[in-house]
file work_17.txt (compact mmCIF, C-alpha atoms and all ligand atoms)
# COMPACT_ATOMS: atom_id res chain seq x y z
CA MET A 1 -106.93 82.53 -31.76
CA THR A 2 -108.85 79.83 -33.63
CA SER A 3 -109.13 76.22 -32.69
CA THR A 4 -109.77 73.30 -35.01
CA PRO A 5 -112.41 70.76 -34.01
CA VAL A 6 -111.47 67.10 -33.90
CA ARG A 7 -112.10 65.70 -37.41
CA ARG A 8 -112.06 61.98 -36.87
CA PRO A 9 -113.65 60.00 -34.05
CA VAL A 10 -111.03 59.70 -31.35
CA ASP A 11 -111.78 56.05 -30.66
CA ARG A 12 -111.26 54.87 -34.23
CA LEU A 13 -108.73 52.13 -34.88
CA ALA A 14 -106.36 53.72 -37.37
CA ARG A 15 -104.19 51.15 -39.05
CA VAL A 16 -101.64 50.83 -41.75
CA PRO A 17 -103.39 48.24 -43.90
CA GLU A 18 -101.43 45.00 -43.91
CA PRO A 19 -101.92 42.39 -46.62
CA ALA A 20 -103.59 39.21 -45.44
CA VAL A 21 -102.08 35.85 -46.27
CA ASP A 22 -104.38 33.02 -47.34
CA VAL A 23 -103.44 30.29 -44.85
CA GLY A 24 -105.55 27.64 -46.61
CA PRO A 25 -102.56 26.13 -48.43
CA TYR A 26 -100.83 25.42 -45.07
CA PHE A 27 -103.48 22.88 -44.13
CA ASP A 28 -105.01 19.68 -45.41
CA LEU A 29 -106.92 18.76 -42.29
CA ASP A 30 -109.05 16.13 -44.02
CA HIS A 31 -105.81 14.22 -44.37
CA GLY A 32 -104.28 15.44 -41.09
CA LEU A 33 -101.55 17.64 -42.58
CA VAL A 34 -100.28 20.94 -41.16
CA ASP A 35 -97.41 23.04 -42.54
CA ARG A 36 -94.95 24.13 -39.90
CA THR A 37 -94.81 27.67 -41.31
CA ILE A 38 -97.79 28.61 -39.13
CA PHE A 39 -95.62 28.43 -36.00
CA GLY A 40 -92.82 30.80 -36.90
CA ASP A 41 -93.73 33.25 -39.64
CA PRO A 42 -93.74 36.91 -38.47
CA ALA A 43 -96.37 38.04 -41.01
CA LEU A 44 -98.72 35.25 -39.97
CA TYR A 45 -98.12 36.22 -36.36
CA ARG A 46 -99.25 39.82 -37.05
CA GLN A 47 -102.30 38.49 -38.87
CA GLU A 48 -103.06 36.22 -35.93
CA LEU A 49 -103.10 39.19 -33.54
CA ARG A 50 -105.56 40.98 -35.86
CA ARG A 51 -107.79 38.08 -36.87
CA VAL A 52 -107.56 35.47 -34.11
CA PHE A 53 -106.90 37.36 -30.88
CA ALA A 54 -108.65 40.70 -31.51
CA PRO A 55 -112.01 39.16 -32.55
CA SER A 56 -112.11 36.28 -30.00
CA TRP A 57 -113.26 36.09 -26.39
CA LEU A 58 -110.07 35.89 -24.31
CA PHE A 59 -109.59 34.82 -20.70
CA LEU A 60 -108.57 37.66 -18.37
CA ALA A 61 -108.78 36.62 -14.74
CA HIS A 62 -110.86 34.92 -12.07
CA GLU A 63 -113.67 36.84 -10.38
CA SER A 64 -112.27 36.05 -6.92
CA GLN A 65 -109.31 38.35 -7.70
CA PHE A 66 -111.71 41.30 -7.31
CA VAL A 67 -113.30 41.68 -3.90
CA LYS A 68 -113.88 45.42 -3.44
CA PRO A 69 -114.17 48.47 -5.71
CA GLY A 70 -110.75 49.58 -6.91
CA ASP A 71 -109.22 46.08 -6.97
CA PHE A 72 -107.36 45.62 -10.23
CA PHE A 73 -105.27 43.09 -12.15
CA THR A 74 -103.17 43.78 -15.23
CA THR A 75 -102.83 41.26 -18.03
CA TYR A 76 -102.79 40.95 -21.83
CA MET A 77 -105.26 40.25 -24.61
CA GLY A 78 -102.97 38.98 -27.34
CA GLU A 79 -100.14 41.49 -27.02
CA ASP A 80 -102.45 44.31 -25.90
CA PRO A 81 -101.87 45.23 -22.25
CA VAL A 82 -105.12 45.54 -20.30
CA ILE A 83 -106.30 46.50 -16.83
CA VAL A 84 -109.20 44.59 -15.29
CA THR A 85 -110.80 46.44 -12.41
CA MET A 86 -113.91 46.61 -10.23
CA GLY A 87 -115.64 49.99 -10.37
CA LYS A 88 -117.49 51.77 -7.56
CA ASP A 89 -120.65 50.10 -8.87
CA ARG A 90 -118.89 46.73 -8.32
CA ARG A 91 -118.96 46.07 -12.06
CA LEU A 92 -115.90 44.50 -13.64
CA ARG A 93 -114.48 46.43 -16.58
CA ALA A 94 -111.39 45.99 -18.73
CA PHE A 95 -109.44 48.74 -20.43
CA LEU A 96 -106.46 49.01 -22.68
CA ASN A 97 -103.55 49.78 -20.36
CA ALA A 98 -102.42 52.71 -22.49
CA CYS A 99 -102.75 56.40 -21.72
CA ARG A 100 -104.82 58.33 -24.27
CA HIS A 101 -102.22 61.11 -24.25
CA ARG A 102 -99.05 59.44 -25.52
CA GLY A 103 -99.78 55.78 -24.92
CA MET A 104 -97.79 55.16 -21.72
CA ARG A 105 -99.02 52.29 -19.57
CA VAL A 106 -101.22 53.94 -16.93
CA CYS A 107 -100.90 51.03 -14.52
CA ARG A 108 -97.51 49.45 -14.01
CA ALA A 109 -98.35 47.13 -11.13
CA ASP A 110 -99.32 43.47 -11.54
CA ALA A 111 -102.31 43.78 -9.19
CA GLY A 112 -103.54 45.88 -6.28
CA ALA A 113 -106.20 48.37 -5.23
CA THR A 114 -106.53 52.00 -6.29
CA LYS A 115 -108.94 54.92 -6.62
CA ALA A 116 -107.43 56.09 -9.89
CA PHE A 117 -104.91 55.14 -12.55
CA THR A 118 -102.51 58.05 -12.89
CA CYS A 119 -100.08 58.08 -15.77
CA SER A 120 -96.51 58.53 -14.65
CA TYR A 121 -95.54 60.47 -17.81
CA HIS A 122 -97.60 63.70 -17.68
CA GLY A 123 -100.09 62.83 -14.99
CA TRP A 124 -103.38 62.24 -16.81
CA SER A 125 -105.57 60.39 -14.35
CA TYR A 126 -108.46 57.96 -14.94
CA ASP A 127 -111.01 56.63 -12.45
CA THR A 128 -111.93 52.95 -12.15
CA SER A 129 -114.69 53.36 -14.71
CA GLY A 130 -112.10 54.59 -17.21
CA ARG A 131 -113.12 58.27 -17.23
CA LEU A 132 -110.39 60.85 -17.60
CA VAL A 133 -110.78 62.80 -14.35
CA ASN A 134 -107.67 64.93 -14.09
CA VAL A 135 -105.37 66.62 -16.60
CA PRO A 136 -102.47 68.67 -15.24
CA ASN A 137 -102.24 72.15 -16.83
CA GLY A 138 -105.77 71.69 -18.18
CA GLU A 139 -106.05 75.45 -18.77
CA ASP A 140 -103.47 75.16 -21.58
CA TYR A 141 -105.73 72.93 -23.68
CA PRO A 142 -108.07 74.43 -26.31
CA ALA A 143 -111.74 75.04 -25.60
CA HIS A 144 -112.89 72.04 -27.62
CA PHE A 145 -110.76 69.62 -25.57
CA ASP A 146 -113.39 67.36 -24.08
CA ARG A 147 -112.18 65.06 -21.33
CA ASP A 148 -115.16 62.78 -21.84
CA GLN A 149 -113.78 61.82 -25.22
CA TRP A 150 -110.43 60.79 -23.80
CA GLY A 151 -111.28 58.04 -21.35
CA LEU A 152 -109.43 54.72 -21.38
CA THR A 153 -110.26 52.43 -24.31
CA GLU A 154 -112.70 49.84 -23.01
CA VAL A 155 -113.16 46.31 -24.31
CA ALA A 156 -116.29 45.84 -26.44
CA GLN A 157 -117.70 43.08 -24.24
CA LEU A 158 -116.83 41.56 -20.88
CA ASP A 159 -118.61 38.62 -19.29
CA THR A 160 -118.01 35.79 -16.86
CA TYR A 161 -118.63 32.09 -17.01
CA LYS A 162 -118.82 30.44 -13.57
CA GLY A 163 -116.07 32.61 -12.11
CA LEU A 164 -113.90 32.93 -15.22
CA VAL A 165 -113.67 36.47 -16.64
CA PHE A 166 -113.45 36.82 -20.42
CA ALA A 167 -113.49 39.86 -22.71
CA THR A 168 -113.28 40.70 -26.39
CA TRP A 169 -112.53 43.79 -28.47
CA ASN A 170 -115.08 42.59 -30.99
CA PRO A 171 -118.44 44.38 -30.70
CA GLN A 172 -119.90 41.80 -33.08
CA ALA A 173 -118.74 38.71 -31.17
CA PRO A 174 -121.56 36.39 -30.07
CA PRO A 175 -122.31 36.30 -26.32
CA LEU A 176 -119.65 34.49 -24.27
CA VAL A 177 -121.78 31.46 -23.53
CA GLU A 178 -122.39 30.98 -27.27
CA ALA A 179 -118.68 31.34 -27.98
CA LEU A 180 -117.95 28.62 -25.40
CA GLY A 181 -120.61 26.47 -27.06
CA GLY A 182 -120.60 22.76 -26.26
CA MET A 183 -117.41 23.18 -24.22
CA THR A 184 -119.39 24.36 -21.18
CA TRP A 185 -120.60 20.83 -20.43
CA TYR A 186 -116.94 19.79 -20.12
CA MET A 187 -115.82 22.96 -18.30
CA ASP A 188 -118.45 22.40 -15.64
CA ALA A 189 -116.57 19.26 -14.52
CA MET A 190 -114.11 21.78 -13.05
CA LEU A 191 -116.22 24.88 -12.48
CA ASP A 192 -119.41 23.40 -11.08
CA ARG A 193 -118.29 20.75 -8.60
CA ASP A 194 -119.20 23.00 -5.71
CA PRO A 195 -122.50 24.92 -5.29
CA GLU A 196 -120.42 27.80 -3.92
CA GLY A 197 -118.27 27.91 -7.05
CA THR A 198 -114.52 28.31 -7.35
CA GLU A 199 -111.76 30.73 -6.40
CA VAL A 200 -108.07 31.08 -7.12
CA VAL A 201 -105.39 30.79 -4.42
CA GLY A 202 -101.67 31.45 -4.19
CA GLY A 203 -101.28 34.25 -6.76
CA VAL A 204 -100.31 33.99 -10.41
CA HIS A 205 -97.17 32.17 -11.58
CA LYS A 206 -95.61 33.57 -14.74
CA TRP A 207 -92.83 32.18 -16.86
CA VAL A 208 -91.43 32.53 -20.37
CA LEU A 209 -91.03 29.71 -22.90
CA GLU A 210 -89.26 29.88 -26.25
CA GLY A 211 -92.10 28.40 -28.25
CA ASN A 212 -95.12 29.47 -30.28
CA TRP A 213 -98.26 29.71 -28.12
CA LYS A 214 -100.19 27.31 -30.40
CA LEU A 215 -97.87 24.43 -29.48
CA ALA A 216 -99.12 24.62 -25.90
CA ALA A 217 -102.76 25.38 -26.75
CA GLU A 218 -103.09 22.45 -29.18
CA GLN A 219 -101.37 20.06 -26.78
CA PHE A 220 -103.74 20.91 -23.94
CA ALA A 221 -106.69 20.50 -26.31
CA SER A 222 -105.61 17.24 -27.79
CA ASP A 223 -102.43 15.50 -26.74
CA TRP A 224 -102.57 12.57 -24.35
CA TYR A 225 -100.19 10.74 -26.71
CA HIS A 226 -97.07 12.33 -25.19
CA VAL A 227 -97.92 11.44 -21.60
CA ASN A 228 -96.37 7.98 -21.41
CA ILE A 229 -93.19 9.02 -23.22
CA SER A 230 -92.48 12.63 -22.26
CA HIS A 231 -93.60 12.19 -18.67
CA ALA A 232 -92.16 8.68 -18.19
CA SER A 233 -89.83 9.72 -15.36
CA ALA A 234 -92.58 11.68 -13.57
CA LEU A 235 -94.93 8.72 -13.87
CA MET A 236 -92.22 6.45 -12.47
CA VAL A 237 -91.80 8.72 -9.46
CA MET A 238 -95.54 8.62 -8.91
CA SER A 239 -95.95 4.88 -9.37
CA PRO A 240 -96.30 2.78 -6.23
CA THR A 241 -93.41 0.47 -7.17
CA GLY A 242 -91.22 3.21 -8.59
CA LYS A 243 -90.59 0.99 -11.61
CA GLY A 244 -92.97 2.29 -14.21
CA PRO A 245 -96.33 3.85 -14.82
CA LYS A 246 -99.39 1.86 -13.88
CA THR A 247 -100.86 -0.16 -16.74
CA GLU A 248 -104.13 1.70 -16.39
CA ILE A 249 -102.30 4.90 -17.31
CA VAL A 250 -100.40 3.46 -20.27
CA GLN A 251 -103.35 1.49 -21.65
CA THR A 252 -106.01 3.88 -20.50
CA PRO A 253 -109.27 4.16 -22.40
CA GLY A 254 -110.75 7.64 -22.76
CA ARG A 255 -112.31 10.14 -25.10
CA GLN A 256 -111.34 13.37 -26.76
CA TYR A 257 -113.90 16.09 -27.44
CA THR A 258 -113.57 18.23 -30.58
CA ASP A 259 -115.57 21.43 -30.70
CA PRO A 260 -116.43 23.20 -33.99
CA LEU A 261 -115.41 26.47 -32.29
CA GLY A 262 -111.85 25.19 -31.80
CA HIS A 263 -112.06 24.09 -28.17
CA GLY A 264 -110.85 20.64 -27.15
CA HIS A 265 -110.79 18.32 -24.17
CA GLY A 266 -109.28 14.87 -23.61
CA PHE A 267 -109.82 12.63 -20.60
CA PRO A 268 -109.20 9.04 -19.55
CA THR A 269 -112.20 7.03 -18.45
CA HIS A 270 -110.36 4.40 -16.41
CA PRO A 271 -111.31 5.00 -12.76
CA LYS A 272 -107.76 4.35 -11.60
CA SER A 273 -106.11 6.63 -14.12
CA ARG A 274 -105.81 9.42 -11.61
CA PHE A 275 -103.19 12.05 -10.91
CA ASP A 276 -105.00 13.79 -8.09
CA ASP A 277 -103.72 14.65 -4.67
CA ARG A 278 -104.70 12.23 -1.92
CA VAL A 279 -106.01 14.93 0.42
CA VAL A 280 -108.11 16.49 -2.34
CA HIS A 281 -109.32 13.08 -3.49
CA GLY A 282 -110.29 12.19 0.09
CA HIS A 283 -112.25 15.43 0.40
CA TYR A 284 -114.65 14.69 -2.44
CA ASP A 285 -117.95 12.95 -1.97
CA TYR A 286 -118.07 11.21 -5.34
CA GLU A 287 -121.64 10.03 -4.91
CA ALA A 288 -122.78 13.64 -4.44
CA LEU A 289 -120.72 14.65 -7.47
CA ARG A 290 -122.36 11.95 -9.55
CA GLU A 291 -125.70 13.40 -8.63
CA ARG A 292 -124.62 16.94 -9.35
CA LEU A 293 -122.68 16.41 -12.59
CA GLY A 294 -123.75 12.98 -13.80
CA ASP A 295 -121.76 9.74 -14.12
CA ALA A 296 -120.21 10.63 -17.48
CA ARG A 297 -118.47 13.69 -16.12
CA VAL A 298 -117.28 12.07 -12.91
CA GLU A 299 -115.92 9.08 -14.82
CA GLY A 300 -114.49 11.24 -17.62
CA PRO A 301 -113.24 14.81 -17.29
CA MET A 302 -112.97 14.42 -13.52
CA THR A 303 -110.34 11.70 -13.79
CA THR A 304 -107.45 13.48 -15.43
CA GLY A 305 -108.68 15.81 -18.14
CA HIS A 306 -106.74 18.35 -20.16
CA ALA A 307 -108.43 21.13 -22.11
CA THR A 308 -108.15 24.29 -24.18
CA VAL A 309 -110.77 26.96 -24.65
CA PHE A 310 -109.95 28.50 -28.03
CA PRO A 311 -107.66 30.28 -28.50
CA ASN A 312 -105.30 30.43 -25.53
CA PHE A 313 -106.94 29.45 -22.23
CA SER A 314 -106.17 25.95 -20.96
CA TYR A 315 -106.78 23.96 -17.81
CA LEU A 316 -106.28 20.70 -15.96
CA PRO A 317 -109.34 20.13 -13.78
CA VAL A 318 -107.78 17.56 -11.44
CA ASN A 319 -104.54 19.43 -10.88
CA GLY A 320 -106.41 22.68 -10.40
CA SER A 321 -104.30 24.48 -12.98
CA ILE A 322 -105.84 27.21 -15.15
CA ARG A 323 -103.52 29.08 -17.48
CA VAL A 324 -103.16 31.47 -20.39
CA TRP A 325 -100.58 31.17 -23.15
CA HIS A 326 -99.81 34.83 -23.88
CA PRO A 327 -98.26 35.27 -27.34
CA LYS A 328 -94.97 37.19 -27.28
CA GLY A 329 -93.92 37.04 -30.90
CA PRO A 330 -93.97 33.96 -33.14
CA ASP A 331 -91.21 32.23 -31.16
CA ARG A 332 -92.13 32.99 -27.58
CA MET A 333 -94.97 32.68 -25.11
CA GLU A 334 -95.52 33.73 -21.55
CA VAL A 335 -97.38 31.25 -19.37
CA TRP A 336 -99.58 32.70 -16.61
CA ALA A 337 -100.98 30.06 -14.29
CA TRP A 338 -103.36 30.06 -11.34
CA THR A 339 -104.48 27.36 -8.89
CA LEU A 340 -108.23 26.92 -8.90
CA VAL A 341 -110.04 25.42 -5.89
CA ASP A 342 -113.63 24.92 -4.81
CA ARG A 343 -114.78 27.67 -2.48
CA SER A 344 -116.23 25.36 0.15
CA MET A 345 -113.06 23.27 0.51
CA PRO A 346 -111.53 23.50 3.99
CA ASP A 347 -108.32 25.58 4.02
CA GLU A 348 -106.06 22.53 4.37
CA VAL A 349 -107.62 20.95 1.26
CA LYS A 350 -107.20 24.18 -0.70
CA ASP A 351 -103.58 24.26 0.35
CA ALA A 352 -103.06 20.62 -0.59
CA GLN A 353 -104.45 21.39 -4.04
CA ARG A 354 -102.21 24.45 -4.39
CA VAL A 355 -99.04 22.56 -3.42
CA TYR A 356 -99.96 19.59 -5.60
CA ASN A 357 -100.57 21.85 -8.58
CA LEU A 358 -97.19 23.52 -8.08
CA ARG A 359 -95.38 20.19 -7.75
CA THR A 360 -96.90 18.87 -10.95
CA PHE A 361 -97.72 21.88 -13.16
CA GLY A 362 -96.09 24.89 -11.50
CA PRO A 363 -93.13 26.50 -13.32
CA THR A 364 -90.82 23.83 -11.87
CA GLY A 365 -93.48 21.09 -11.78
CA ILE A 366 -92.40 17.59 -12.70
CA PHE A 367 -94.83 17.46 -15.64
CA GLU A 368 -94.61 21.10 -16.66
CA GLN A 369 -90.84 20.88 -17.13
CA ASP A 370 -91.25 18.06 -19.65
CA ASP A 371 -93.88 19.95 -21.65
CA GLY A 372 -91.91 23.20 -21.80
CA GLU A 373 -88.83 21.33 -22.99
CA ASN A 374 -90.78 19.81 -25.89
CA TRP A 375 -92.26 23.10 -27.04
CA SER A 376 -88.93 24.97 -26.95
CA GLU A 377 -87.15 22.15 -28.78
CA VAL A 378 -89.85 22.00 -31.44
CA GLN A 379 -89.59 25.76 -31.94
CA ALA A 380 -85.80 25.74 -32.02
CA THR A 381 -85.70 23.25 -34.86
CA ALA A 382 -88.23 25.28 -36.90
CA HIS A 383 -85.81 28.16 -37.54
CA GLY A 384 -84.18 26.63 -40.60
CA PHE A 385 -85.59 27.17 -44.10
CA VAL A 386 -86.18 23.48 -44.77
CA SER A 387 -87.05 22.42 -41.22
CA GLY A 388 -89.34 25.44 -40.83
CA SER A 389 -91.56 24.57 -43.77
CA MET A 390 -91.95 20.83 -43.47
CA THR A 391 -95.34 19.12 -43.26
CA LEU A 392 -96.34 17.80 -39.84
CA ASN A 393 -98.48 14.77 -39.10
CA TYR A 394 -101.85 15.24 -37.38
CA GLN A 395 -103.41 11.99 -38.59
CA MET A 396 -103.97 10.13 -35.32
CA GLY A 397 -107.61 9.17 -34.89
CA LEU A 398 -108.63 10.36 -38.38
CA GLY A 399 -112.04 9.01 -39.31
CA LEU A 400 -112.77 7.71 -35.81
CA GLU A 401 -114.73 10.68 -34.47
CA ALA A 402 -118.43 10.29 -33.77
CA GLU A 403 -121.20 10.97 -31.29
CA ASP A 404 -120.76 8.30 -28.62
CA GLY A 405 -124.10 8.79 -26.85
CA VAL A 406 -122.39 9.50 -23.53
CA HIS A 407 -120.31 12.62 -24.05
CA PRO A 408 -122.03 15.53 -25.83
CA GLY A 409 -120.77 16.60 -29.24
CA THR A 410 -118.15 14.90 -31.35
CA THR A 411 -115.61 12.76 -29.57
CA GLY A 412 -112.91 10.37 -30.65
CA ARG A 413 -110.41 8.15 -28.93
CA LEU A 414 -108.25 9.54 -26.15
CA TYR A 415 -105.16 8.93 -28.29
CA SER A 416 -106.05 11.21 -31.17
CA ASP A 417 -105.18 14.47 -32.93
CA GLY A 418 -108.89 15.19 -33.34
CA ALA A 419 -109.09 18.28 -31.13
CA ALA A 420 -105.84 19.61 -32.63
CA ARG A 421 -107.38 19.32 -36.10
CA GLY A 422 -110.46 21.13 -34.77
CA PHE A 423 -108.28 23.83 -33.20
CA TYR A 424 -106.44 24.45 -36.48
CA ALA A 425 -109.63 24.38 -38.54
CA ARG A 426 -110.96 27.22 -36.40
CA TRP A 427 -107.64 29.10 -36.52
CA ARG A 428 -107.48 28.74 -40.31
CA ASP A 429 -111.04 30.00 -40.73
CA LEU A 430 -110.47 33.05 -38.53
CA MET A 431 -107.17 33.81 -40.28
CA ASN A 432 -108.94 33.76 -43.64
CA THR A 433 -111.89 35.92 -42.54
CA PRO A 434 -111.63 39.73 -42.37
CA ALA A 435 -112.28 40.77 -38.75
CA TRP A 436 -114.84 43.40 -37.76
CA HIS A 437 -112.17 46.15 -37.67
CA GLU A 438 -111.24 45.45 -41.27
CA LYS A 439 -114.82 46.07 -42.37
CA ASP A 440 -115.15 49.24 -40.28
CA THR A 441 -115.07 52.06 -42.79
CA ARG A 442 -115.87 54.99 -40.50
S1 LIG B 1 -98.57 59.72 -21.71
FE1 LIG B 1 -99.94 59.65 -20.08
S2 LIG B 1 -100.07 61.68 -19.43
FE2 LIG B 1 -98.77 61.79 -21.11
FE FE B 2 -97.71 17.03 -20.66
call {"tool": "encode", "arguments": {"input": "work_17.txt", "output": "structure tokens"}}
result
Amino acid sequence: MTSTPVRRPVDRLARVPEPAVDVGPYFDLDHGLVDRTIFGDPALYRQELRRVFAPSWLFLAHESQFVKPGDFFTTYMGEDPVIVTMGKDRRLRAFLNACRHRGMRVCRADAGATKAFTCSYHGWSYDTSGRLVNVPNGEDYPAHFDRDQWGLTEVAQLDTYKGLVFATWNPQAPPLVEALGGMTWYMDAMLDRDPEGTEVVGGVHKWVLEGNWKLAAEQFASDWYHVNISHASALMVMSPTGKGPKTEIVQTPGRQYTDPLGHGHGFPTHPKSRFDDRVVHGHYDYEALRERLGDARVEGPMTTGHATVFPNFSYLPVNGSIRVWHPKGPDRMEVWAWTLVDRSMPDEVKDAQRVYNLRTFGPTGIFEQDDGENWSEVQATAHGFVSGSMTLNYQMGLGLEAEDGVHPGTTGRLYSDGAARGFYARWRDLMNTPAWHEKDTR
């Protein structure tokens, strides 16, 4: 009996070539114009998975979800299912959650602890470093079958930034800290308040919204504008008189940071424009924070910031909400949200933060409900031929961005579409650039 050696590398990405669409004509960002086609077109969605999600650093989990070897968490990178796990060497790794035999998911739990991932189809089994360690009926395979070639597909790079775990499939992506760029100064207002760092509490909340993921990502990067209108009833509930939002919220000054890498962050700078929980607020020593993070961060992002790390990780530092907008087709996203707390907070403060986050930005939170309603309504009206290809207005704050000498990088007014324009400039450039896998000619 003869056996044929494997001809092509087993880890090669074999694709049916798909034509790329030039998305340039959908934008005139110098004049603040965006064509609505980018939110609903199936071909653009496929291109976005290939050219925006596959090459970018994507948020996976928080380090505190992995305490001992074998701890794992399953999530998605774009629409690719992945397992994040701590190996025996205590290193975090991430693998495609797809068996190398026929592609079955090898891990079907949301999270847990295990010694091995055993496929429930034919029983191939992988250890926590991704090696194929057991193959039932192994004697029936040919002599050249080499288990070492059939381990789980591992991400090209995995790294953490102050507790947040990110990974990318792109071997040519710059290091994570470079990809975060100037955004780290702003992120530290949430991640570096406590010398002991942060952790997540209360599990992961997951819900589905009928809207394109970019609607949520751009809003968290850029949109304070909707707050007084969309959240009017929530602000009334929270106002001391119950009659209307405080003037300092409606008229609040603030800044909005636009990053050339597509990240964005808005924040009021009025000291009374706060949405934080009283217990959490009472816990903080603001003088110590000023020393640690500087006045600009305590008076800015630490009031009530909202932010997106390109492409689909967003957060609200004061509410303690960190979340991912998982794409599920052009018309649908899945929101996965955690509550982030400082490690050295007493338990009752951590719990106050958790409950406050759920009340405001949990799946039934008084603010979250308003936001989800907007995104689904916007998507629903984009299904028509005419309504789906109209031009949208992103002109707020055009021409008003500058270096302000206080906040690093380019900032504009709080009420601005600046970070949304930056987000779409980055998205457009990635969509129009062949990704590393398109240049791979092996
Ligand atoms: S698909 Fe996993 S063992 Fe067959
Ligand atoms: Fe909102």
call {"tool": "residues_near_point", "arguments": {"input": "work_17.txt", "point": "(-106.8, 27.0, -44.7)", "cutoff": "8 Å", "atoms": "only C-alpha atoms", "output": "VMD selection string"}}
result
chain A and resid 22 to 28 425 428 to 429 432
call {"tool": "closest_residue", "arguments": {"input": "work_17.txt", "among": "A:Phe39, A:Met238, A:Gln251, A:Tyr284", "to": "A:Phe367", "atoms": "all atoms listed in the file"}}
result
A:Met238
call {"tool": "residues_around", "arguments": {"input": "work_17.txt", "residues": "A:Ser376", "least_positions_apart": "4", "cutoff": "8 Å", "atoms": "only C-alpha atoms", "output": "ChimeraX atom specification"}}
result
/A:209-211,372,380
call {"tool": "write_last_selection", "arguments": {"input": "work_17.txt", "atoms": "C-alpha atoms", "output": "PDB file, keeping the file's coordinate frame"}}
result
ATOM      1  CA  LEU A 209     -91.030  29.710 -22.900  1.00  0.00           C
ATOM      2  CA  GLU A 210     -89.260  29.880 -26.250  1.00  0.00           C
ATOM      3  CA  GLY A 211     -92.100  28.400 -28.250  1.00  0.00           C
ATOM      4  CA  GLY A 372     -91.910  23.200 -21.800  1.00  0.00           C
ATOM      5  CA  ALA A 380     -85.800  25.740 -32.020  1.00  0.00           C
TER       6      ALA A 380
END
call {"tool": "closest_residue", "arguments": {"input": "work_17.txt", "among": "A:Thr252, A:Thr247, A:Ser233, A:Thr433", "to": "ligand FE 2 (chain B)", "atoms": "only C-alpha atoms and all ligand atoms"}}
result
A:Ser233
call {"tool": "residues_near_ligand", "arguments": {"input": "work_17.txt", "ligand": "ligand LIG 1 (chain B)", "cutoff": "10 Å", "atoms": "all atoms listed in the file", "output": "list in words"}}
result
Ala98, Cys99, Arg100, His101, Arg102, Gly103, Met104, Arg105, Val106, Thr118, Cys119, Ser120, Tyr121, His122, Gly123, Trp124, Ser125, Asn134, Val135 and Pro136 of chain A
call {"tool": "atom_distance", "arguments": {"input": "work_17.txt", "atom1": "atom CA of A:Gly254", "atom2": "atom CA of A:Gly397"}}
result
12.6 Å
call {"tool": "atom_distance", "arguments": {"input": "work_17.txt", "atom1": "atom CA of A:Ala221", "atom2": "atom CA of A:Leu392"}}
result
17.2 Å
call {"tool": "build_atoms", "arguments": {"input": "work_17.txt", "residues": "stretch 46-57 of chain A", "atoms": "N, CA and C atoms", "output": "CSV table (one decimal), keeping the file's coordinate frame"}}
result
chain,number,residue,atom,x,y,z
A,46,ARG,N,-98.5,38.5,-37.1
A,46,ARG,CA,-99.2,39.8,-37.0
A,46,ARG,C,-100.7,39.6,-37.4
A,47,GLN,N,-100.9,38.8,-38.4
A,47,GLN,CA,-102.3,38.5,-38.9
A,47,GLN,C,-103.1,37.8,-37.8
A,48,GLU,N,-102.4,36.9,-37.0
A,48,GLU,CA,-103.1,36.2,-35.9
A,48,GLU,C,-103.5,37.2,-34.8
A,49,LEU,N,-102.7,38.2,-34.5
A,49,LEU,CA,-103.1,39.2,-33.5
A,49,LEU,C,-104.4,39.9,-34.0
A,50,ARG,N,-104.4,40.2,-35.3
A,50,ARG,CA,-105.6,41.0,-35.9
A,50,ARG,C,-106.8,40.1,-36.0
A,51,ARG,N,-106.6,38.9,-36.5
A,51,ARG,CA,-107.8,38.1,-36.9
A,51,ARG,C,-108.2,36.9,-35.9
A,52,VAL,N,-107.2,36.5,-35.1
A,52,VAL,CA,-107.6,35.5,-34.1
A,52,VAL,C,-107.8,36.1,-32.7
A,53,PHE,N,-106.8,36.8,-32.2
A,53,PHE,CA,-106.9,37.4,-30.9
A,53,PHE,C,-107.9,38.5,-30.8
A,54,ALA,N,-107.8,39.5,-31.7
A,54,ALA,CA,-108.6,40.7,-31.5
A,54,ALA,C,-110.1,40.3,-31.6
A,55,PRO,N,-110.6,39.4,-32.5
A,55,PRO,CA,-112.0,39.2,-32.6
A,55,PRO,C,-112.5,38.2,-31.5
A,56,SER,N,-111.6,37.4,-30.8
A,56,SER,CA,-112.1,36.3,-30.0
A,56,SER,C,-112.3,36.7,-28.6
A,57,TRP,N,-113.1,35.9,-27.8
A,57,TRP,CA,-113.3,36.1,-26.4
A,57,TRP,C,-112.0,35.5,-25.8
